[in-house]
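Read through the structure below, which is laid out as structure tokens, and then see the notes.
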Amino acid sequence: MKVTLFLGAGFSAPFGHPVMNEFLAFADETKHIDQGEKAFLGELVLEARRANSFLESSPTNLEDIVSFAVMADRIELGSGAPRAPRIREILRKIYGQTADLRTYWQVCSRFCECFGLKRDETWKDLTIITTNYDLNADCALYYGGNPAKLPFVPEYIGQTTKQVNSYLYADRGVPLCKLHGSVNWFTNTNADHCLVDAAVGNVMEVSGKKLESIPCPLTYDASYTPHGDAMIVPPSFLKPDLSPELASAWTTAAKALQESHLLVFVGYSFPQSDTEMAYFLSRALAGNSHLRNILIVDPEADAIVHRLKSAESPYGSHFRALLKRRAADWTLIKVDFSNPAGEKNH
């Protein structure tokens with residue numbers, strides 16, 4: 001049975017990363033961006049608030065705020081340098097940080113337990129699609145002994161100032177499609193390919209007594225420097241043209257959706273504003289005759305499924321008929337692929 005996991009922002013919440021409507025509050029408190037970057041975000045908030053008198057929007061929603069900034073760049077109404085590169089750098093820093101190293105791998109272990117994936121056994125017929133920039137899916141696969149396979153040919157790079165003991169990715173691994181880029185993908189005008197920092201190095205635990213393995217891009221200590229502009233698509237309603245690498249991610253994801261018997265959405269809320277994703281999912285699934293179940297795993301799964309089945313939903317009758325739900329945090333449940341909704345057999 002071919003299974004596709006579609007991971008949204010809610011998947012990364014247990015790792016300590018904010019969902020979009022919590023981003024600004026998180027940015028106010030985090031130490032991973034400086035005061036200048038926090039002031040920059042404040043300026044974007046004010047711009048969105050002023051524009052609200054002409055276009056109904058939320059000056060606290062990151063997508064609205066970034067959309068106004070991107071449009072200003074597009075029509076050259078911004079002051080000074082384009083804001084998009086600076087936005088990408090802030091996103092890289094925030095979604096590149098980790099929780100306490102002592103708990104980070106514990107959350108990764110829950111991924112294996114949740115989906116019944118045994119460590120170091122080949123996970124056949126599994127594909128992961130994610131809208132997240134972070135490395136949590138990458139690390140969960142790495143922890144399980146089945147490193148991710150990227151959908152393009154990268155130019156691997158790694159930190160030279162740390163001891164490198166392994167790498168996040170493998171040529172034969174679980175396909176991982178990161179639709180909006182990644183904190184460890186970098187564009188470089190001097191390279192023909194996307195640069196990917198795949199190194200896993202050793203760092204001291206807080207106690208100073210134990211070495212912990214962690215992907216080098218996640219350490220963010222004084223020795224780490226980015227290798228170029230992060231290849232990240234900011235959360236804007238105004239989508240840019242896709243790079244060849246991102247185009248490969250979307251194509252590979254679409255093929256997996258067309259061949260899946262089971263599609264599991266984890267922490268994805270199906271935001272009404274994301275019409276692009278609705279068209280993508282519908283177009284890819286339209287060619288699938290094998291799909292038997294669509295499972296929504298989210299604490300708000302009941303409300304999400306109710307909305308998807310409502311008259312306002314953009315999804316059709318066949319999509320709605322396949323919907324099942326598990327209303328819980330993914331770290332607290334186990335999903336049996338043969339009985340995804342956990343229904344009791346009488």
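Each chain in the structure tokens gets a letter, A, B and so on, in the order shown; residues start at 1 in every chain, and ligands are counted from 1 in the order they appear.
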Tell me which protein, DNA and RNA residues are within 10 Å of Trp330 (chain A), counting only C-alpha atoms, leaving out same-chain ones fewer than 2 positions away, and put them as number ranges by chain. A: 10-11, 14, 110-111, 114-115, 266-267, 297-299, 326-328, 332-335
Can I get the selected residues back with C-alpha atoms, as a CSV table (one decimal), in the first residue's frame?
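For reference, selection.csv as written:
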```csv
chain,number,residue,atom,x,y,z
A,10,GLY,CA,0.9,21.7,13.0
A,11,PHE,CA,3.3,18.8,12.5
A,14,PRO,CA,5.7,19.9,19.0
A,110,ARG,CA,7.4,9.8,18.3
A,111,PHE,CA,7.2,10.1,14.5
A,114,CYS,CA,2.9,7.3,15.6
A,115,PHE,CA,3.1,5.7,12.1
A,266,VAL,CA,-0.9,15.9,9.7
A,267,GLY,CA,-1.2,19.4,11.1
A,297,VAL,CA,-4.8,14.2,11.9
A,298,ASP,CA,-5.1,17.4,13.9
A,299,PRO,CA,-6.5,18.5,17.3
A,326,ARG,CA,-8.3,11.7,14.2
A,327,ALA,CA,-8.9,14.7,16.4
A,328,ALA,CA,-5.6,14.6,18.4
A,332,LEU,CA,-0.3,11.2,21.2
A,333,ILE,CA,-1.7,8.6,18.8
A,334,LYS,CA,-0.8,5.7,16.6
A,335,VAL,CA,-2.0,5.4,13.1
```
Looking only at alpha helix (DSSP H) from DSSP on the backbone, list the matching residues of region 45-266 of chain A as a VMD selection string. chain A and resid 45 to 51 62 to 74 84 to 95 101 to 114 136 to 143 244 to 259
One-decimal distance in Å that lies between CA of Leu7 (chain A) and CA of Leu257 (chain A):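 These atoms are spaced 13.4 Å apart.
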Select from region 268-303 of chain A everything DSSP, run on the backbone, classes as strand (DSSP E), then give the selection as a compact mmCIF listing (two decimals) with N, CA and C atoms, in the first residue's frame.
```txt
# COMPACT_ATOMS: atom_id res chain seq x y z
N ASN A 293 -8.67 6.24 1.27
CA ASN A 293 -8.92 7.01 2.49
C ASN A 293 -8.09 8.28 2.49
N ILE A 294 -8.70 9.36 3.00
CA ILE A 294 -7.98 10.61 3.28
C ILE A 294 -8.17 10.89 4.77
N LEU A 295 -7.09 10.81 5.51
CA LEU A 295 -7.15 10.96 6.97
C LEU A 295 -6.63 12.33 7.39
N ILE A 296 -7.39 13.02 8.23
CA ILE A 296 -6.98 14.30 8.80
C ILE A 296 -6.58 14.07 10.24
N VAL A 297 -5.31 14.30 10.56
CA VAL A 297 -4.82 14.18 11.93
C VAL A 297 -4.50 15.58 12.44
```
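Considering only C-alpha atoms, the residue among A:Arg172, A:Arg102, A:Lys324, A:Lys124 positioned nearest to Phe15 (chain A) is A:Arg102.
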Can you tell me, as a PyMOL selection string, what residues are no more than 12 Å from region 269-283 of chain A when counting only C-alpha atoms, ignoring any on the same chain fewer than 4 positions away? chain A and resi 6-11+19-21+57+61+63-64+129-131+179-180+235-240+250-251+253-258+263+265+287-288+294+296-308+312-320
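Taking only C-alpha atoms into account, Thr30 (chain A) lies nearest to A:Gln97 out of the set A:Thr225, A:Gln97, A:Ser67, A:Ser58.
The space between CA of Pro175 (chain A) and CA of Lys2 (chain A) spans 12.2 Å.
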Which neighbours of region 148-155 of chain A fall inside 9 Å, counting only C-alpha atoms, when residues of the same chain fewer than 4 positions from it are skipped, and could you give them as a VMD selection string? chain A and resid 128 137 to 139 141 to 142 168 to 178 185 191 to 197 244 to 246 248 to 253
Using N, CA and C atoms, can you write the selected residues to a file as a compact mmCIF listing (two decimals), in the first residue's frame?
```txt
# COMPACT_ATOMS: atom_id res chain seq x y z
N ILE A 128 6.75 11.65 1.67
CA ILE A 128 6.37 12.75 2.56
C ILE A 128 6.37 14.05 1.78
N ALA A 137 10.89 17.04 9.48
CA ALA A 137 10.62 15.80 8.74
C ALA A 137 11.93 15.14 8.33
N ASP A 138 12.90 15.95 7.92
CA ASP A 138 14.21 15.43 7.53
C ASP A 138 14.83 14.66 8.69
N CYS A 139 14.76 15.26 9.88
CA CYS A 139 15.38 14.65 11.06
C CYS A 139 14.61 13.43 11.55
N LEU A 141 13.03 11.30 9.67
CA LEU A 141 13.44 10.21 8.79
C LEU A 141 14.85 9.75 9.12
N TYR A 142 15.74 10.71 9.37
CA TYR A 142 17.11 10.38 9.73
C TYR A 142 17.15 9.55 11.01
N LEU A 168 22.22 13.95 6.33
CA LEU A 168 20.76 13.85 6.45
C LEU A 168 20.11 13.06 5.33
N TYR A 169 20.70 13.06 4.14
CA TYR A 169 20.00 12.54 2.97
C TYR A 169 20.73 11.35 2.36
N ALA A 170 19.99 10.60 1.55
CA ALA A 170 20.55 9.43 0.86
C ALA A 170 19.94 9.36 -0.53
N ASP A 171 20.70 8.81 -1.47
CA ASP A 171 20.20 8.68 -2.83
C ASP A 171 19.04 7.70 -2.91
N ARG A 172 19.06 6.71 -2.04
CA ARG A 172 17.95 5.75 -1.96
C ARG A 172 17.32 5.91 -0.59
N GLY A 173 16.30 6.69 -0.52
CA GLY A 173 15.65 6.95 0.75
C GLY A 173 14.19 7.25 0.54
N VAL A 174 13.55 7.77 1.57
CA VAL A 174 12.14 8.12 1.51
C VAL A 174 11.99 9.45 0.78
N PRO A 175 11.25 9.50 -0.32
CA PRO A 175 11.08 10.76 -1.04
C PRO A 175 10.49 11.84 -0.13
N LEU A 176 11.16 12.99 -0.09
CA LEU A 176 10.71 14.12 0.73
C LEU A 176 10.56 15.33 -0.18
N CYS A 177 9.33 15.82 -0.29
CA CYS A 177 9.02 16.94 -1.18
C CYS A 177 8.70 18.17 -0.34
N LYS A 178 9.62 19.12 -0.29
CA LYS A 178 9.42 20.34 0.49
C LYS A 178 8.97 21.43 -0.49
N TRP A 185 18.55 24.84 2.26
CA TRP A 185 18.76 24.96 0.82
C TRP A 185 19.16 26.40 0.54
N ALA A 191 26.97 28.68 -8.43
CA ALA A 191 26.74 27.24 -8.50
C ALA A 191 25.63 26.94 -9.51
N ASP A 192 25.74 25.79 -10.16
CA ASP A 192 24.73 25.38 -11.12
C ASP A 192 23.52 24.74 -10.44
N HIS A 193 23.72 24.27 -9.21
CA HIS A 193 22.67 23.57 -8.50
C HIS A 193 22.37 24.25 -7.17
N CYS A 194 21.24 23.88 -6.62
CA CYS A 194 20.91 24.31 -5.26
C CYS A 194 21.95 23.73 -4.30
N LEU A 195 22.43 24.56 -3.39
CA LEU A 195 23.38 24.10 -2.37
C LEU A 195 22.59 23.59 -1.17
N VAL A 196 22.90 22.39 -0.71
CA VAL A 196 22.18 21.79 0.41
C VAL A 196 23.17 21.43 1.50
N ASP A 197 22.96 22.01 2.69
CA ASP A 197 23.80 21.67 3.83
C ASP A 197 23.20 20.45 4.50
N PRO A 244 13.94 25.44 -10.56
CA PRO A 244 13.93 24.04 -11.02
C PRO A 244 13.83 23.05 -9.86
N GLU A 245 14.48 23.36 -8.73
CA GLU A 245 14.45 22.45 -7.58
C GLU A 245 13.04 22.36 -6.99
N LEU A 246 12.40 23.51 -6.81
CA LEU A 246 11.05 23.50 -6.26
C LEU A 246 10.06 22.89 -7.25
N SER A 248 10.69 20.46 -9.22
CA SER A 248 10.87 19.02 -9.08
C SER A 248 10.14 18.50 -7.84
N ALA A 249 10.16 19.29 -6.77
CA ALA A 249 9.46 18.89 -5.55
C ALA A 249 7.95 18.79 -5.80
N TRP A 250 7.39 19.76 -6.50
CA TRP A 250 5.95 19.75 -6.80
C TRP A 250 5.60 18.59 -7.73
N THR A 251 6.44 18.33 -8.73
CA THR A 251 6.17 17.25 -9.68
C THR A 251 6.22 15.89 -8.98
N THR A 252 7.24 15.68 -8.15
CA THR A 252 7.37 14.42 -7.42
C THR A 252 6.21 14.24 -6.45
N ALA A 253 5.81 15.33 -5.80
CA ALA A 253 4.67 15.27 -4.88
C ALA A 253 3.39 14.90 -5.62
```
Which neighbours of Leu135 (chain A) fall inside 9 Å, counting only C-alpha atoms, when residues of the same chain fewer than 6 positions from it are skipped, and could you give them as an mmCIF file with C-alpha atoms, in the first residue's frame?
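Result saved to selection-v2.cif:
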```cif
data_model
loop_
_atom_site.group_PDB
_atom_site.id
_atom_site.type_symbol
_atom_site.label_atom_id
_atom_site.label_comp_id
_atom_site.auth_asym_id
_atom_site.auth_seq_id
_atom_site.Cartn_x
_atom_site.Cartn_y
_atom_site.Cartn_z
ATOM 1 C CA TYR A 95 12.408 27.881 11.521
ATOM 2 C CA GLY A 96 16.027 26.783 11.722
ATOM 3 C CA SER A 182 14.016 24.567 3.216
ATOM 4 C CA VAL A 183 16.201 26.333 5.760
ATOM 5 C CA ASN A 184 19.201 24.313 4.556
ATOM 6 C CA PRO A 215 22.167 18.840 11.741
ATOM 7 C CA PRO A 217 22.151 24.247 10.078
ATOM 8 C CA LEU A 218 20.148 23.868 13.295
#
```
Record the distance separating CA of Glu76 (chain A) and CA of Glu89 (chain A), expressed in Å with one decimal. 20.5 Å
